[in-house]
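Raw entry.tsv, TSV, C-alpha atoms and all ligand atoms:
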```
chain	number	residue	atom	x	y	z
A	1	MET	CA	0.00	0.00	0.00
A	2	ALA	CA	1.64	3.20	-1.18
A	3	TYR	CA	0.08	5.71	1.16
A	4	SER	CA	0.73	6.46	4.83
A	5	ALA	CA	-0.85	8.48	7.63
A	6	LYS	CA	0.17	12.13	7.51
A	7	ILE	CA	-1.05	14.98	9.67
A	8	GLY	CA	-1.00	18.55	8.32
A	9	PRO	CA	-2.01	21.31	10.72
A	10	SER	CA	-3.85	24.21	9.14
A	11	ILE	CA	-2.26	27.35	10.52
A	12	LEU	CA	-5.33	29.45	9.66
A	13	SER	CA	-6.45	29.46	13.28
A	14	SER	CA	-3.01	30.30	14.71
A	15	ASP	CA	-1.72	33.73	15.71
A	16	LEU	CA	-1.09	35.03	12.21
A	17	SER	CA	1.29	37.70	13.48
A	18	CYS	CA	3.74	34.89	14.34
A	19	LEU	CA	3.16	32.57	11.41
A	20	GLY	CA	6.81	31.55	11.09
A	21	SER	CA	7.19	30.48	14.70
A	22	GLU	CA	3.76	28.81	14.65
A	23	CYS	CA	4.82	26.71	11.65
A	24	VAL	CA	8.06	25.75	13.41
A	25	ARG	CA	6.11	24.90	16.57
A	26	MET	CA	3.77	22.59	14.60
A	27	MET	CA	6.70	20.79	12.97
A	28	GLU	CA	8.33	20.38	16.38
A	29	CYS	CA	5.06	18.92	17.66
A	30	GLY	CA	5.25	16.18	15.03
A	31	ALA	CA	3.37	17.58	12.02
A	32	ASP	CA	4.15	15.72	8.78
A	33	TYR	CA	3.37	18.73	6.60
A	34	LEU	CA	1.81	22.17	6.74
A	35	HIS	CA	-1.53	22.95	5.12
A	36	LEU	CA	-1.59	26.61	4.08
A	37	ASP	CA	-5.00	28.12	3.24
A	38	VAL	CA	-5.01	30.74	0.50
A	39	MET	CA	-8.33	32.62	0.16
A	40	ASP	CA	-8.99	35.42	-2.31
A	41	GLY	CA	-12.35	36.85	-1.17
A	42	HIS	CA	-13.93	35.70	-4.48
A	43	PHE	CA	-13.95	31.92	-4.48
A	44	VAL	CA	-14.68	32.02	-0.76
A	45	PRO	CA	-16.05	34.88	1.38
A	46	ASN	CA	-12.79	35.37	3.26
A	47	ILE	CA	-9.25	36.52	2.55
A	48	THR	CA	-5.94	35.29	3.91
A	49	PHE	CA	-2.55	35.56	2.20
A	50	GLY	CA	-0.76	34.85	-1.06
A	51	HIS	CA	2.62	33.92	-2.47
A	52	PRO	CA	4.62	36.81	-0.90
A	53	MET	CA	3.74	35.42	2.53
A	54	VAL	CA	4.66	31.90	1.42
A	55	GLU	CA	8.04	33.13	0.20
A	56	CYS	CA	8.74	34.71	3.60
A	57	LEU	CA	7.55	31.60	5.41
A	58	ARG	CA	9.83	29.39	3.35
A	59	LYS	CA	12.81	31.59	4.20
A	60	SER	CA	11.82	31.54	7.85
A	61	VAL	CA	11.22	27.78	8.30
A	62	GLY	CA	13.84	26.39	5.89
A	63	GLN	CA	13.56	23.86	3.05
A	64	ASP	CA	12.22	20.89	4.99
A	65	PRO	CA	8.55	21.47	5.82
A	66	PHE	CA	6.23	20.34	3.01
A	67	PHE	CA	3.86	23.16	2.06
A	68	ASP	CA	0.46	21.94	0.83
A	69	MET	CA	-1.16	25.06	-0.64
A	70	HIS	CA	-4.94	24.90	-0.41
A	71	MET	CA	-5.86	27.37	-3.13
A	72	MET	CA	-9.37	28.63	-2.40
A	73	VAL	CA	-9.17	31.10	-5.28
A	74	SER	CA	-10.89	31.90	-8.53
A	75	ARG	CA	-8.66	31.45	-11.59
A	76	PRO	CA	-6.13	29.17	-9.85
A	77	GLU	CA	-4.07	29.18	-13.07
A	78	GLN	CA	-2.65	32.60	-12.29
A	79	TRP	CA	-0.78	31.64	-9.11
A	80	VAL	CA	0.98	28.43	-10.22
A	81	LYS	CA	4.32	29.97	-11.15
A	82	PRO	CA	4.45	32.50	-8.28
A	83	MET	CA	3.64	29.77	-5.75
A	84	ALA	CA	6.30	27.44	-7.19
A	85	ALA	CA	8.85	30.26	-7.04
A	86	ALA	CA	7.83	31.04	-3.46
A	87	GLY	CA	8.66	27.50	-2.35
A	88	ALA	CA	5.31	25.66	-2.40
A	89	ASN	CA	5.55	21.86	-2.67
A	90	GLN	CA	1.97	20.98	-3.59
A	91	TYR	CA	-0.66	23.07	-5.33
A	92	THR	CA	-4.17	21.97	-4.36
A	93	PHE	CA	-6.76	23.71	-6.50
A	94	HIS	CA	-10.54	23.47	-6.53
A	95	LEU	CA	-12.27	21.64	-9.35
A	96	GLU	CA	-15.09	24.22	-9.16
A	97	ALA	CA	-12.67	27.08	-9.90
A	98	THR	CA	-11.44	26.02	-13.32
A	99	THR	CA	-12.84	25.02	-16.70
A	100	ASN	CA	-9.68	23.19	-17.77
A	101	PRO	CA	-8.37	20.95	-14.99
A	102	GLY	CA	-6.24	18.91	-17.39
A	103	ASN	CA	-4.22	21.89	-18.48
A	104	LEU	CA	-3.83	23.17	-14.93
A	105	ILE	CA	-2.59	19.78	-13.74
A	106	LYS	CA	0.03	19.88	-16.50
A	107	GLU	CA	1.13	23.41	-15.60
A	108	ILE	CA	1.49	22.53	-11.91
A	109	ARG	CA	3.64	19.49	-12.74
A	110	GLU	CA	5.79	21.48	-15.17
A	111	SER	CA	6.45	24.01	-12.44
A	112	GLY	CA	7.80	21.22	-10.23
A	113	MET	CA	5.00	20.94	-7.65
A	114	LYS	CA	2.79	18.02	-6.72
A	115	VAL	CA	-0.88	18.24	-7.70
A	116	GLY	CA	-3.83	18.26	-5.31
A	117	LEU	CA	-7.45	18.45	-6.49
A	118	ALA	CA	-10.13	19.61	-4.05
A	119	ILE	CA	-13.92	19.34	-4.13
A	120	LYS	CA	-16.42	21.37	-2.10
A	121	PRO	CA	-19.25	19.57	-0.26
A	122	GLY	CA	-21.67	20.18	-3.15
A	123	THR	CA	-19.41	18.62	-5.79
A	124	THR	CA	-19.73	14.91	-6.45
A	125	VAL	CA	-16.79	12.58	-6.35
A	126	GLU	CA	-17.70	11.32	-9.83
A	127	GLU	CA	-16.73	14.76	-11.14
A	128	LEU	CA	-13.27	14.36	-9.64
A	129	ALA	CA	-12.82	10.75	-10.77
A	130	PRO	CA	-11.70	11.44	-14.37
A	131	TRP	CA	-8.63	13.25	-13.01
A	132	ALA	CA	-7.77	10.88	-10.18
A	133	ASN	CA	-5.04	9.05	-12.07
A	134	GLU	CA	-3.32	12.32	-12.97
A	135	ILE	CA	-3.12	13.86	-9.49
A	136	ASP	CA	-1.10	13.16	-6.36
A	137	MET	CA	-3.86	13.90	-3.88
A	138	ALA	CA	-7.64	14.30	-3.74
A	139	LEU	CA	-9.02	16.67	-1.10
A	140	VAL	CA	-12.56	15.99	0.08
A	141	MET	CA	-13.76	19.10	1.93
A	142	THR	CA	-15.67	18.27	5.09
A	143	VAL	CA	-16.91	21.86	5.57
A	144	GLU	CA	-17.78	24.66	3.16
A	145	PRO	CA	-14.38	26.24	2.49
A	146	GLY	CA	-13.72	29.69	3.90
A	147	PHE	CA	-13.42	29.49	7.66
A	148	GLY	CA	-11.80	27.41	10.37
A	149	GLY	CA	-13.69	26.05	13.34
A	150	GLN	CA	-16.77	24.74	11.51
A	151	LYS	CA	-18.63	21.49	12.19
A	152	PHE	CA	-17.40	18.31	10.49
A	153	MET	CA	-19.76	17.04	7.76
A	154	GLU	CA	-19.95	13.32	8.27
A	155	ASP	CA	-22.07	12.94	5.14
A	156	MET	CA	-18.93	13.54	3.06
A	157	MET	CA	-17.48	10.19	4.17
A	158	PRO	CA	-19.09	8.15	1.36
A	159	LYS	CA	-17.03	10.24	-1.08
A	160	VAL	CA	-13.85	9.23	0.73
A	161	SER	CA	-14.85	5.54	0.86
A	162	TRP	CA	-15.68	5.52	-2.83
A	163	LEU	CA	-12.39	7.16	-3.78
A	164	ARG	CA	-10.45	4.70	-1.60
A	165	SER	CA	-12.22	1.74	-3.22
A	166	GLN	CA	-11.58	3.02	-6.75
A	167	PHE	CA	-8.06	4.40	-6.26
A	168	PRO	CA	-6.38	2.22	-3.63
A	169	SER	CA	-3.03	4.04	-3.62
A	170	LEU	CA	-4.19	7.66	-3.98
A	171	ASP	CA	-3.44	10.15	-1.22
A	172	ILE	CA	-6.84	11.27	0.10
A	173	GLU	CA	-7.05	14.35	2.31
A	174	VAL	CA	-9.90	15.59	4.48
A	175	ASP	CA	-10.17	19.20	5.64
A	176	GLY	CA	-12.67	20.89	7.93
A	177	GLY	CA	-13.78	20.12	11.45
A	178	VAL	CA	-11.37	17.21	11.78
A	179	GLY	CA	-10.09	16.43	15.27
A	180	PRO	CA	-10.19	13.71	17.92
A	181	ASP	CA	-14.02	13.52	17.71
A	182	SER	CA	-14.23	12.97	13.96
A	183	ILE	CA	-10.94	11.26	13.09
A	184	HIS	CA	-12.31	7.70	13.40
A	185	LYS	CA	-14.89	8.35	10.66
A	186	CYS	CA	-12.20	9.79	8.36
A	187	ALA	CA	-9.79	6.94	9.01
A	188	GLU	CA	-12.42	4.22	8.50
A	189	ALA	CA	-13.52	5.81	5.23
A	190	GLY	CA	-9.94	5.71	3.96
A	191	ALA	CA	-8.50	9.21	4.32
A	192	ASN	CA	-4.75	9.25	4.97
A	193	MET	CA	-3.84	12.96	4.85
A	194	ILE	CA	-5.49	14.77	7.72
A	195	VAL	CA	-5.83	18.53	7.93
A	196	SER	CA	-6.68	19.82	11.37
A	197	GLY	CA	-6.85	23.48	12.31
A	198	SER	CA	-8.60	24.49	15.49
A	199	ALA	CA	-8.40	21.01	17.10
A	200	VAL	CA	-4.60	21.07	16.90
A	201	ILE	CA	-3.75	24.77	17.14
A	202	GLY	CA	-6.33	25.43	19.86
A	203	SER	CA	-5.13	22.55	21.99
A	204	ASP	CA	-2.93	22.97	25.07
A	205	ASP	CA	-1.08	19.89	23.89
A	206	PRO	CA	-0.84	19.87	20.07
A	207	ARG	CA	1.79	17.13	20.14
A	208	SER	CA	-0.64	14.66	21.73
A	209	VAL	CA	-3.47	15.60	19.37
A	210	ILE	CA	-1.23	15.12	16.32
A	211	ALA	CA	0.00	11.77	17.67
A	212	LEU	CA	-3.55	10.60	18.36
A	213	LEU	CA	-4.78	11.56	14.89
A	214	ARG	CA	-1.84	9.74	13.29
A	215	THR	CA	-2.32	6.59	15.38
A	216	VAL	CA	-6.01	6.30	14.48
A	217	VAL	CA	-5.27	6.70	10.76
A	218	ALA	CA	-2.26	4.35	10.81
A	219	GLU	CA	-4.32	1.64	12.53
A	220	ALA	CA	-7.08	1.94	9.93
A	221	ILE	CA	-4.53	1.69	7.11
A	222	GLN	CA	-3.04	-1.41	8.69
A	223	LYS	CA	-6.46	-2.98	9.16
A	224	ARG	CA	-7.34	-2.30	5.53
A	225	SER	CA	-4.14	-3.94	4.32
A	226	LEU	CA	-4.87	-7.05	6.42
A	227	ASP	CA	-8.44	-7.23	5.08
A	228	ARG	CA	-7.30	-7.19	1.47
B	301	LIG	C1	-11.38	25.94	5.68
B	301	LIG	C2	-9.93	25.59	5.52
B	301	LIG	C3	-9.42	24.67	6.53
B	301	LIG	C4	-9.52	25.16	7.95
B	301	LIG	C5	-9.59	23.96	8.85
B	301	LIG	O1	-11.83	26.54	4.54
B	301	LIG	O2	-9.71	25.01	4.26
B	301	LIG	O3	-8.10	24.22	6.24
B	301	LIG	O4	-8.46	25.98	8.35
B	301	LIG	O5	-9.80	24.37	10.14
B	301	LIG	P1	-10.65	23.48	11.16
B	301	LIG	O6	-9.88	22.21	11.36
B	301	LIG	O7	-10.72	24.33	12.37
B	301	LIG	O8	-11.99	23.22	10.54
B	302	ZN	ZN	-7.78	24.05	3.95
```

What is this structure when it is put down as structure tokens?
Ligand code: DX5
Ligand code: ZN
Amino acid sequence: MAYSAKIGPSILSSDLSCLGSECVRMMECGADYLHLDVMDGHFVPNITFGHPMVECLRKSVGQDPFFDMHMMVSRPEQWVKPMAAAGANQYTFHLEATTNPGNLIKEIRESGMKVGLAIKPGTTVEELAPWANEIDMALVMTVEPGFGGQKFMEDMMPKVSWLRSQFPSLDIEVDGGVGPDSIHKCAEAGANMIVSGSAVIGSDDPRSVIALLRTVVAEAIQKRSLDR
């Protein structure tokens, strides 16, 4: 089985005035990667930061941390090159934001980044399926994108299960309301890349929360491999 359990804190709910040290703190607490939420105020009703911030973060935290850019933006095509130059490792765009996913996937690869493809709660997994063999990761949103701290949508889990059954070695990420209360559902459905914002950042003990999330997912992966 090609995939493994990875935990990526979303730093959206951290103290944004100390983003660099917050990222370092998350890596020191055992994060496998960092999930960075880019919002443009058009695709979602909120605004965060863009590639200049990512460039500064990269300089501040060094080459090691893997930056998964969650691009909640209209016209995702326009930020591929700037994000690659800023030091992004993976460019996760929304299927709803583009009319030509095939071309965008190609551009992301040519710029040297991995490709993530995200779907909002209202988008079916069948719409993502035609691209699944061309991407590195599928992101199934478990809240409406735009804000941290929302309630986990358990009714998104059939999408994850279906993807896992059809694409056994694909990295599948969940994002939104994921924490100790919802991780079992995600793990059982087959997600292996876990984004967690408020549950990790808001905890007094982020290290334990990250370890717990990873253990639950790793056990589910092991169980699935034994059942095969
Ligand atoms: C929401 C973002 C998420 C968010 C997750 O649009 O994509 O990454 O920060 O935060 P929690 O885990 O608090 O829902
Ligand atoms: Zn996100």

12 Å from ligand ZN 302 (chain B) is the threshold here; counting all atoms listed in the file, which polymer residues fall inside it? Answer as a ChimeraX atom specification. /A:8-13,34-39,44,48,67-73,91-94,116-120,139-150,173-178,193-198

Which residues are near Glu134 in chain A? Cut-off 12 Å, all atoms listed in the file, ignore same chain within fewer than 3 positions. Put them as a ChimeraX atom specification. /A:101-106,108-109,114-117,128-131,137-138,167,170-171

Which residue is closest to ligand LIG 301 (chain B)? Choose from A:Leu16, A:Val216, A:Leu57, A:Ile201 and count all atoms listed in the file. A:Ile201

Size and centre in Å, one decimal, axis-aligned box, all listed ligand LIG 301 (chain B) atoms plus 4 Å per side, as AutoDock Vina command-line options:
```
--center_x -10.0 --center_y 24.4 --center_z 8.3 --size_x 11.9 --size_y 12.3 --size_z 16.1
```

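Of the listed residues A:Leu19, A:Ile47, A:Ala86, A:Val125, the one whose atoms come nearest to ligand LIG 301 (chain B) is A:Ile47, with distances taken using all atoms listed in the file.
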
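Nearest to Met113 in chain A of all the residues A:Gly190, A:Phe66, A:Ser74, A:Glu96 is A:Phe66, based on all atoms listed in the file.
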
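For the residues A:Lys223, A:Lys151, A:His51, A:Arg207, ranking by smallest atom-to-atom distance to ligand LIG 301 (chain B) using only C-alpha atoms and all ligand atoms places A:Lys151 first.
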
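Across the model, the gap from CA of Met156 in chain A to CA of Arg228 in chain A is 23.8 Å.
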
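If you look at CA of Met27 in chain A and CA of Asn46 in chain A, they are 26.2 Å away from each other.
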
One residue among A:Asp32, A:Glu188, A:Asp40, A:Glu77 is nearest to ligand LIG 301 (chain B) when using all atoms listed in the file, and that residue is A:Asp40

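Our summary of the geometry notes that CA of Pro65 in chain A is positioned 24.0 Å from CA of Gln78 in chain A.
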